[in-house]
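To keep things clear, I will list the structure first and then write my remarks on it.
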Amino acid sequence: MLRKVIMVTDDEDSVKNAIREILKSKNKGHEYALDLTRIRDKERKTEIMKKLTRF
């Protein structure tokens with residue numbers, strides 16, 4: 001099974017691109033993994049994670 005790793009940084013463009021990539025991967029039936037290691041602020045990381053787990 002193909003797994004796509006989606007890297008997310010702290011800016012809003014990266015979050016929008018990640019949402020787009022998640023929807024594309026789900027549509028194609030691929031698995032995906034989120035890479036949030038570039039985000040240092042823990043509160044911001046949880047906020048972005050809540051946003052991305054809705055999809």
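Each chain of the structure tokens is named A, B, ... in the order shown, its residues numbered from 1; ligands are numbered from 1 in display order.
Residues with any atom within 6 Å of Thr9 (chain A), counting only C-alpha atoms and excluding same-chain neighbours fewer than 4 positions away, are Ser14, Arg38 and Ile39 of chain A.
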Given the selection you just returned, output its residues as a file containing N, CA, C and O atoms, formatted as an mmCIF file, in the first residue's frame.
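Result file out.cif:
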```cif
data_model
loop_
_atom_site.group_PDB
_atom_site.id
_atom_site.type_symbol
_atom_site.label_atom_id
_atom_site.label_comp_id
_atom_site.auth_asym_id
_atom_site.auth_seq_id
_atom_site.Cartn_x
_atom_site.Cartn_y
_atom_site.Cartn_z
ATOM 1 N N SER A 14 0.838 26.153 4.260
ATOM 2 C CA SER A 14 1.215 24.753 4.433
ATOM 3 C C SER A 14 0.034 23.925 4.934
ATOM 4 O O SER A 14 -0.162 22.792 4.506
ATOM 5 N N ARG A 38 8.264 19.969 12.300
ATOM 6 C CA ARG A 38 8.806 21.309 12.049
ATOM 7 C C ARG A 38 8.107 22.385 12.884
ATOM 8 O O ARG A 38 8.551 23.519 12.936
ATOM 9 N N ILE A 39 7.011 22.028 13.558
ATOM 10 C CA ILE A 39 6.266 22.994 14.376
ATOM 11 C C ILE A 39 6.759 22.879 15.812
ATOM 12 O O ILE A 39 6.672 21.820 16.427
#
```
Residue neighbourhood Asn17 (chain A), 10 Å, only C-alpha atoms, exclusion window fewer than 4 positions, as a ChimeraX atom specification
/A:6-8,12-13,21-23
Atoms kept (all heavy atoms) for selection, written as a PDB file, in the first residue's frame:
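And here is the file that came out, result.pdb:
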```
ATOM      1  N   ILE A   6       2.997  13.734   4.478  1.00  0.00           N
ATOM      2  CA  ILE A   6       2.668  15.129   4.233  1.00  0.00           C
ATOM      3  C   ILE A   6       3.349  15.964   5.317  1.00  0.00           C
ATOM      4  O   ILE A   6       3.044  15.826   6.496  1.00  0.00           O
ATOM      5  CB  ILE A   6       1.145  15.342   4.263  1.00  0.00           C
ATOM      6  CG1 ILE A   6       0.473  14.458   3.225  1.00  0.00           C
ATOM      7  CG2 ILE A   6       0.796  16.797   4.031  1.00  0.00           C
ATOM      8  CD1 ILE A   6      -1.027  14.381   3.338  1.00  0.00           C
ATOM      9  N   MET A   7       4.288  16.818   4.901  1.00  0.00           N
ATOM     10  CA  MET A   7       5.009  17.665   5.838  1.00  0.00           C
ATOM     11  C   MET A   7       4.242  18.969   6.035  1.00  0.00           C
ATOM     12  O   MET A   7       3.829  19.599   5.069  1.00  0.00           O
ATOM     13  CB  MET A   7       6.409  17.964   5.321  1.00  0.00           C
ATOM     14  CG  MET A   7       7.254  18.678   6.328  1.00  0.00           C
ATOM     15  SD  MET A   7       8.739  19.374   5.631  1.00  0.00           S
ATOM     16  CE  MET A   7       8.081  20.697   4.686  1.00  0.00           C
ATOM     17  N   VAL A   8       4.031  19.342   7.282  1.00  0.00           N
ATOM     18  CA  VAL A   8       3.296  20.555   7.613  1.00  0.00           C
ATOM     19  C   VAL A   8       4.210  21.482   8.395  1.00  0.00           C
ATOM     20  O   VAL A   8       4.839  21.069   9.366  1.00  0.00           O
ATOM     21  CB  VAL A   8       2.040  20.225   8.453  1.00  0.00           C
ATOM     22  CG1 VAL A   8       1.232  21.472   8.730  1.00  0.00           C
ATOM     23  CG2 VAL A   8       1.178  19.191   7.753  1.00  0.00           C
ATOM     24  N   GLU A  12      -0.017  29.164   7.319  1.00  0.00           N
ATOM     25  CA  GLU A  12      -1.359  28.777   6.878  1.00  0.00           C
ATOM     26  C   GLU A  12      -1.358  28.151   5.487  1.00  0.00           C
ATOM     27  O   GLU A  12      -2.175  27.283   5.201  1.00  0.00           O
ATOM     28  CB  GLU A  12      -2.297  29.992   6.902  1.00  0.00           C
ATOM     29  CG  GLU A  12      -2.684  30.438   8.290  1.00  0.00           C
ATOM     30  CD  GLU A  12      -3.420  29.363   9.071  1.00  0.00           C
ATOM     31  OE1 GLU A  12      -4.275  28.671   8.482  1.00  0.00           O
ATOM     32  OE2 GLU A  12      -3.115  29.207  10.263  1.00  0.00           O
ATOM     33  N   ASP A  13      -0.450  28.577   4.613  1.00  0.00           N
ATOM     34  CA  ASP A  13      -0.383  27.979   3.271  1.00  0.00           C
ATOM     35  C   ASP A  13      -0.044  26.497   3.356  1.00  0.00           C
ATOM     36  O   ASP A  13      -0.588  25.680   2.608  1.00  0.00           O
ATOM     37  CB  ASP A  13       0.652  28.704   2.405  1.00  0.00           C
ATOM     38  CG  ASP A  13       0.196  30.090   2.000  1.00  0.00           C
ATOM     39  OD1 ASP A  13      -1.036  30.317   1.965  1.00  0.00           O
ATOM     40  OD2 ASP A  13       1.058  30.936   1.714  1.00  0.00           O
ATOM     41  N   GLU A  21      -3.813  17.825   0.091  1.00  0.00           N
ATOM     42  CA  GLU A  21      -3.128  16.541  -0.116  1.00  0.00           C
ATOM     43  C   GLU A  21      -3.855  15.397   0.596  1.00  0.00           C
ATOM     44  O   GLU A  21      -3.925  14.281   0.083  1.00  0.00           O
ATOM     45  CB  GLU A  21      -1.683  16.623   0.381  1.00  0.00           C
ATOM     46  CG  GLU A  21      -0.804  17.507  -0.458  1.00  0.00           C
ATOM     47  CD  GLU A  21      -0.614  16.980  -1.869  1.00  0.00           C
ATOM     48  OE1 GLU A  21      -0.531  15.754  -2.051  1.00  0.00           O
ATOM     49  OE2 GLU A  21      -0.555  17.804  -2.791  1.00  0.00           O
ATOM     50  N   ILE A  22      -4.407  15.668   1.781  1.00  0.00           N
ATOM     51  CA  ILE A  22      -5.164  14.649   2.511  1.00  0.00           C
ATOM     52  C   ILE A  22      -6.389  14.227   1.706  1.00  0.00           C
ATOM     53  O   ILE A  22      -6.672  13.035   1.540  1.00  0.00           O
ATOM     54  CB  ILE A  22      -5.582  15.172   3.901  1.00  0.00           C
ATOM     55  CG1 ILE A  22      -4.370  15.271   4.820  1.00  0.00           C
ATOM     56  CG2 ILE A  22      -6.639  14.264   4.526  1.00  0.00           C
ATOM     57  CD1 ILE A  22      -4.639  16.003   6.108  1.00  0.00           C
ATOM     58  N   LEU A  23      -7.113  15.208   1.180  1.00  0.00           N
ATOM     59  CA  LEU A  23      -8.309  14.896   0.403  1.00  0.00           C
ATOM     60  C   LEU A  23      -7.957  14.136  -0.874  1.00  0.00           C
ATOM     61  O   LEU A  23      -8.669  13.205  -1.265  1.00  0.00           O
ATOM     62  CB  LEU A  23      -9.078  16.176   0.087  1.00  0.00           C
ATOM     63  CG  LEU A  23      -9.678  16.879   1.296  1.00  0.00           C
ATOM     64  CD1 LEU A  23     -10.329  18.183   0.888  1.00  0.00           C
ATOM     65  CD2 LEU A  23     -10.679  15.982   1.994  1.00  0.00           C
TER      66      LEU A  23
END
```
Calculate how many Å separate CA of His30 (chain A) from CA of Arg54 (chain A), rounding to one decimal.
17.1 Å
Interatomic distance, CA of Arg3 (chain A) to CA of Glu47 (chain A) (Å, one decimal)
23.9 Å
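With CA of Asp41 (chain A) on one side and CA of Lys4 (chain A) on the other, the separation reads 24.4 Å.
Looking only at region 2-55 of chain A, the set that DSSP places in helix (DSSP H, G or I) from backbone geometry is Glu12, Asp13, Ser14, Val15, Lys16, Asn17, Ala18, Ile19, Arg20, Glu21, Ile22, Leu23, Lys24, Ser25, Lys26, Asn27, Lys28, Lys42, Glu43, Arg44, Lys45, Thr46, Glu47, Ile48, Met49, Lys50, Lys51 and Leu52 of chain A.
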Keeping only N, CA and C atoms, write the selected residues as a PDB file, in the first residue's frame.
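Contents of the output file selection.pdb:
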```pdb
ATOM      1  N   GLU A  12      -0.017  29.164   7.319  1.00  0.00           N
ATOM      2  CA  GLU A  12      -1.359  28.777   6.878  1.00  0.00           C
ATOM      3  C   GLU A  12      -1.358  28.151   5.487  1.00  0.00           C
ATOM      4  N   ASP A  13      -0.450  28.577   4.613  1.00  0.00           N
ATOM      5  CA  ASP A  13      -0.383  27.979   3.271  1.00  0.00           C
ATOM      6  C   ASP A  13      -0.044  26.497   3.356  1.00  0.00           C
ATOM      7  N   SER A  14       0.838  26.153   4.260  1.00  0.00           N
ATOM      8  CA  SER A  14       1.215  24.753   4.433  1.00  0.00           C
ATOM      9  C   SER A  14       0.034  23.925   4.934  1.00  0.00           C
ATOM     10  N   VAL A  15      -0.767  24.503   5.826  1.00  0.00           N
ATOM     11  CA  VAL A  15      -1.942  23.802   6.348  1.00  0.00           C
ATOM     12  C   VAL A  15      -2.966  23.595   5.231  1.00  0.00           C
ATOM     13  N   LYS A  16      -3.182  24.621   4.412  1.00  0.00           N
ATOM     14  CA  LYS A  16      -4.117  24.491   3.289  1.00  0.00           C
ATOM     15  C   LYS A  16      -3.650  23.438   2.298  1.00  0.00           C
ATOM     16  N   ASN A  17      -2.356  23.431   2.002  1.00  0.00           N
ATOM     17  CA  ASN A  17      -1.806  22.423   1.098  1.00  0.00           C
ATOM     18  C   ASN A  17      -1.933  21.018   1.686  1.00  0.00           C
ATOM     19  N   ALA A  18      -1.754  20.906   2.994  1.00  0.00           N
ATOM     20  CA  ALA A  18      -1.883  19.602   3.648  1.00  0.00           C
ATOM     21  C   ALA A  18      -3.322  19.100   3.558  1.00  0.00           C
ATOM     22  N   ILE A  19      -4.288  19.986   3.749  1.00  0.00           N
ATOM     23  CA  ILE A  19      -5.692  19.599   3.625  1.00  0.00           C
ATOM     24  C   ILE A  19      -5.969  19.109   2.211  1.00  0.00           C
ATOM     25  N   ARG A  20      -5.446  19.814   1.230  1.00  0.00           N
ATOM     26  CA  ARG A  20      -5.624  19.427  -0.167  1.00  0.00           C
ATOM     27  C   ARG A  20      -5.013  18.050  -0.430  1.00  0.00           C
ATOM     28  N   GLU A  21      -3.813  17.825   0.091  1.00  0.00           N
ATOM     29  CA  GLU A  21      -3.128  16.541  -0.116  1.00  0.00           C
ATOM     30  C   GLU A  21      -3.855  15.397   0.596  1.00  0.00           C
ATOM     31  N   ILE A  22      -4.407  15.668   1.781  1.00  0.00           N
ATOM     32  CA  ILE A  22      -5.164  14.649   2.511  1.00  0.00           C
ATOM     33  C   ILE A  22      -6.389  14.227   1.706  1.00  0.00           C
ATOM     34  N   LEU A  23      -7.113  15.208   1.180  1.00  0.00           N
ATOM     35  CA  LEU A  23      -8.309  14.896   0.403  1.00  0.00           C
ATOM     36  C   LEU A  23      -7.957  14.136  -0.874  1.00  0.00           C
ATOM     37  N   LYS A  24      -6.853  14.510  -1.528  1.00  0.00           N
ATOM     38  CA  LYS A  24      -6.412  13.789  -2.730  1.00  0.00           C
ATOM     39  C   LYS A  24      -6.070  12.345  -2.391  1.00  0.00           C
ATOM     40  N   SER A  25      -5.337  12.146  -1.304  1.00  0.00           N
ATOM     41  CA  SER A  25      -4.921  10.799  -0.916  1.00  0.00           C
ATOM     42  C   SER A  25      -6.119   9.931  -0.571  1.00  0.00           C
ATOM     43  N   LYS A  26      -7.081  10.495   0.157  1.00  0.00           N
ATOM     44  CA  LYS A  26      -8.273   9.734   0.516  1.00  0.00           C
ATOM     45  C   LYS A  26      -9.071   9.361  -0.722  1.00  0.00           C
ATOM     46  N   ASN A  27      -9.150  10.293  -1.671  1.00  0.00           N
ATOM     47  CA  ASN A  27      -9.902  10.039  -2.895  1.00  0.00           C
ATOM     48  C   ASN A  27      -9.276   8.908  -3.705  1.00  0.00           C
ATOM     49  N   LYS A  28      -7.940   8.847  -3.710  1.00  0.00           N
ATOM     50  CA  LYS A  28      -7.242   7.807  -4.459  1.00  0.00           C
ATOM     51  C   LYS A  28      -7.130   6.502  -3.685  1.00  0.00           C
ATOM     52  N   LYS A  42       3.836  23.932  21.002  1.00  0.00           N
ATOM     53  CA  LYS A  42       2.954  22.795  21.273  1.00  0.00           C
ATOM     54  C   LYS A  42       1.480  23.149  21.098  1.00  0.00           C
ATOM     55  N   GLU A  43       1.074  24.337  21.519  1.00  0.00           N
ATOM     56  CA  GLU A  43      -0.323  24.754  21.370  1.00  0.00           C
ATOM     57  C   GLU A  43      -0.698  24.902  19.900  1.00  0.00           C
ATOM     58  N   ARG A  44       0.203  25.469  19.130  1.00  0.00           N
ATOM     59  CA  ARG A  44      -0.041  25.623  17.690  1.00  0.00           C
ATOM     60  C   ARG A  44      -0.124  24.254  17.016  1.00  0.00           C
ATOM     61  N   LYS A  45       0.716  23.323  17.463  1.00  0.00           N
ATOM     62  CA  LYS A  45       0.708  21.974  16.900  1.00  0.00           C
ATOM     63  C   LYS A  45      -0.635  21.280  17.151  1.00  0.00           C
ATOM     64  N   THR A  46      -1.165  21.420  18.368  1.00  0.00           N
ATOM     65  CA  THR A  46      -2.457  20.787  18.670  1.00  0.00           C
ATOM     66  C   THR A  46      -3.584  21.450  17.893  1.00  0.00           C
ATOM     67  N   GLU A  47      -3.490  22.772  17.705  1.00  0.00           N
ATOM     68  CA  GLU A  47      -4.497  23.486  16.923  1.00  0.00           C
ATOM     69  C   GLU A  47      -4.515  22.999  15.468  1.00  0.00           C
ATOM     70  N   ILE A  48      -3.340  22.853  14.880  1.00  0.00           N
ATOM     71  CA  ILE A  48      -3.226  22.380  13.495  1.00  0.00           C
ATOM     72  C   ILE A  48      -3.687  20.924  13.416  1.00  0.00           C
ATOM     73  N   MET A  49      -3.345  20.119  14.398  1.00  0.00           N
ATOM     74  CA  MET A  49      -3.745  18.714  14.389  1.00  0.00           C
ATOM     75  C   MET A  49      -5.266  18.577  14.453  1.00  0.00           C
ATOM     76  N   LYS A  50      -5.922  19.406  15.267  1.00  0.00           N
ATOM     77  CA  LYS A  50      -7.389  19.377  15.328  1.00  0.00           C
ATOM     78  C   LYS A  50      -7.992  19.740  13.977  1.00  0.00           C
ATOM     79  N   LYS A  51      -7.370  20.705  13.321  1.00  0.00           N
ATOM     80  CA  LYS A  51      -7.861  21.138  11.995  1.00  0.00           C
ATOM     81  C   LYS A  51      -7.726  20.024  10.964  1.00  0.00           C
ATOM     82  N   LEU A  52      -6.612  19.308  11.014  1.00  0.00           N
ATOM     83  CA  LEU A  52      -6.326  18.312   9.984  1.00  0.00           C
ATOM     84  C   LEU A  52      -7.010  16.963  10.248  1.00  0.00           C
TER      85      LEU A  52
END
```
Please run DSSP on the backbone and report, as a VMD selection string, all residues within chain A that come out as strand (DSSP E).
chain A and resid 3 to 7 31 to 35
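The protein and nucleic acid residues lying at most 9 Å from Val5 (chain A) are Glu31, Tyr32, Ala33, Leu34 and Asp35 of chain A, with only C-alpha atoms considered and sequence neighbours fewer than 6 positions away removed.
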How about saving the chosen residues, all heavy atoms kept, as a PDB file, in the first residue's frame?
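As a result, selection-v7.pdb now contains:
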```
ATOM      1  N   GLU A  31      -2.912   5.696   1.806  1.00  0.00           N
ATOM      2  CA  GLU A  31      -2.716   6.067   3.198  1.00  0.00           C
ATOM      3  C   GLU A  31      -1.841   7.312   3.247  1.00  0.00           C
ATOM      4  O   GLU A  31      -1.092   7.593   2.318  1.00  0.00           O
ATOM      5  CB  GLU A  31      -2.011   4.947   3.951  1.00  0.00           C
ATOM      6  CG  GLU A  31      -2.834   3.712   4.117  1.00  0.00           C
ATOM      7  CD  GLU A  31      -2.093   2.643   4.905  1.00  0.00           C
ATOM      8  OE1 GLU A  31      -0.922   2.863   5.266  1.00  0.00           O
ATOM      9  OE2 GLU A  31      -2.693   1.602   5.144  1.00  0.00           O
ATOM     10  N   TYR A  32      -1.942   8.052   4.335  1.00  0.00           N
ATOM     11  CA  TYR A  32      -1.096   9.233   4.490  1.00  0.00           C
ATOM     12  C   TYR A  32      -0.644   9.344   5.937  1.00  0.00           C
ATOM     13  O   TYR A  32      -1.279   8.816   6.843  1.00  0.00           O
ATOM     14  CB  TYR A  32      -1.823  10.506   4.053  1.00  0.00           C
ATOM     15  CG  TYR A  32      -3.057  10.817   4.866  1.00  0.00           C
ATOM     16  CD1 TYR A  32      -2.979  11.639   5.990  1.00  0.00           C
ATOM     17  CD2 TYR A  32      -4.289  10.300   4.529  1.00  0.00           C
ATOM     18  CE1 TYR A  32      -4.094  11.917   6.746  1.00  0.00           C
ATOM     19  CE2 TYR A  32      -5.407  10.585   5.275  1.00  0.00           C
ATOM     20  CZ  TYR A  32      -5.307  11.393   6.377  1.00  0.00           C
ATOM     21  OH  TYR A  32      -6.420  11.658   7.127  1.00  0.00           O
ATOM     22  N   ALA A  33       0.473  10.011   6.113  1.00  0.00           N
ATOM     23  CA  ALA A  33       1.011  10.275   7.444  1.00  0.00           C
ATOM     24  C   ALA A  33       1.379  11.750   7.508  1.00  0.00           C
ATOM     25  O   ALA A  33       1.882  12.313   6.543  1.00  0.00           O
ATOM     26  CB  ALA A  33       2.242   9.415   7.696  1.00  0.00           C
ATOM     27  N   LEU A  34       1.104  12.372   8.635  1.00  0.00           N
ATOM     28  CA  LEU A  34       1.408  13.794   8.813  1.00  0.00           C
ATOM     29  C   LEU A  34       2.735  13.948   9.556  1.00  0.00           C
ATOM     30  O   LEU A  34       2.967  13.289  10.568  1.00  0.00           O
ATOM     31  CB  LEU A  34       0.298  14.474   9.606  1.00  0.00           C
ATOM     32  CG  LEU A  34      -1.064  14.517   8.927  1.00  0.00           C
ATOM     33  CD1 LEU A  34      -2.095  15.070   9.895  1.00  0.00           C
ATOM     34  CD2 LEU A  34      -1.007  15.341   7.677  1.00  0.00           C
ATOM     35  N   ASP A  35       3.582  14.825   9.049  1.00  0.00           N
ATOM     36  CA  ASP A  35       4.862  15.134   9.684  1.00  0.00           C
ATOM     37  C   ASP A  35       4.753  16.536  10.279  1.00  0.00           C
ATOM     38  O   ASP A  35       4.797  17.526   9.560  1.00  0.00           O
ATOM     39  CB  ASP A  35       5.986  15.075   8.650  1.00  0.00           C
ATOM     40  CG  ASP A  35       7.341  15.410   9.243  1.00  0.00           C
ATOM     41  OD1 ASP A  35       7.459  15.392  10.485  1.00  0.00           O
ATOM     42  OD2 ASP A  35       8.258  15.686   8.459  1.00  0.00           O
TER      43      ASP A  35
END
```
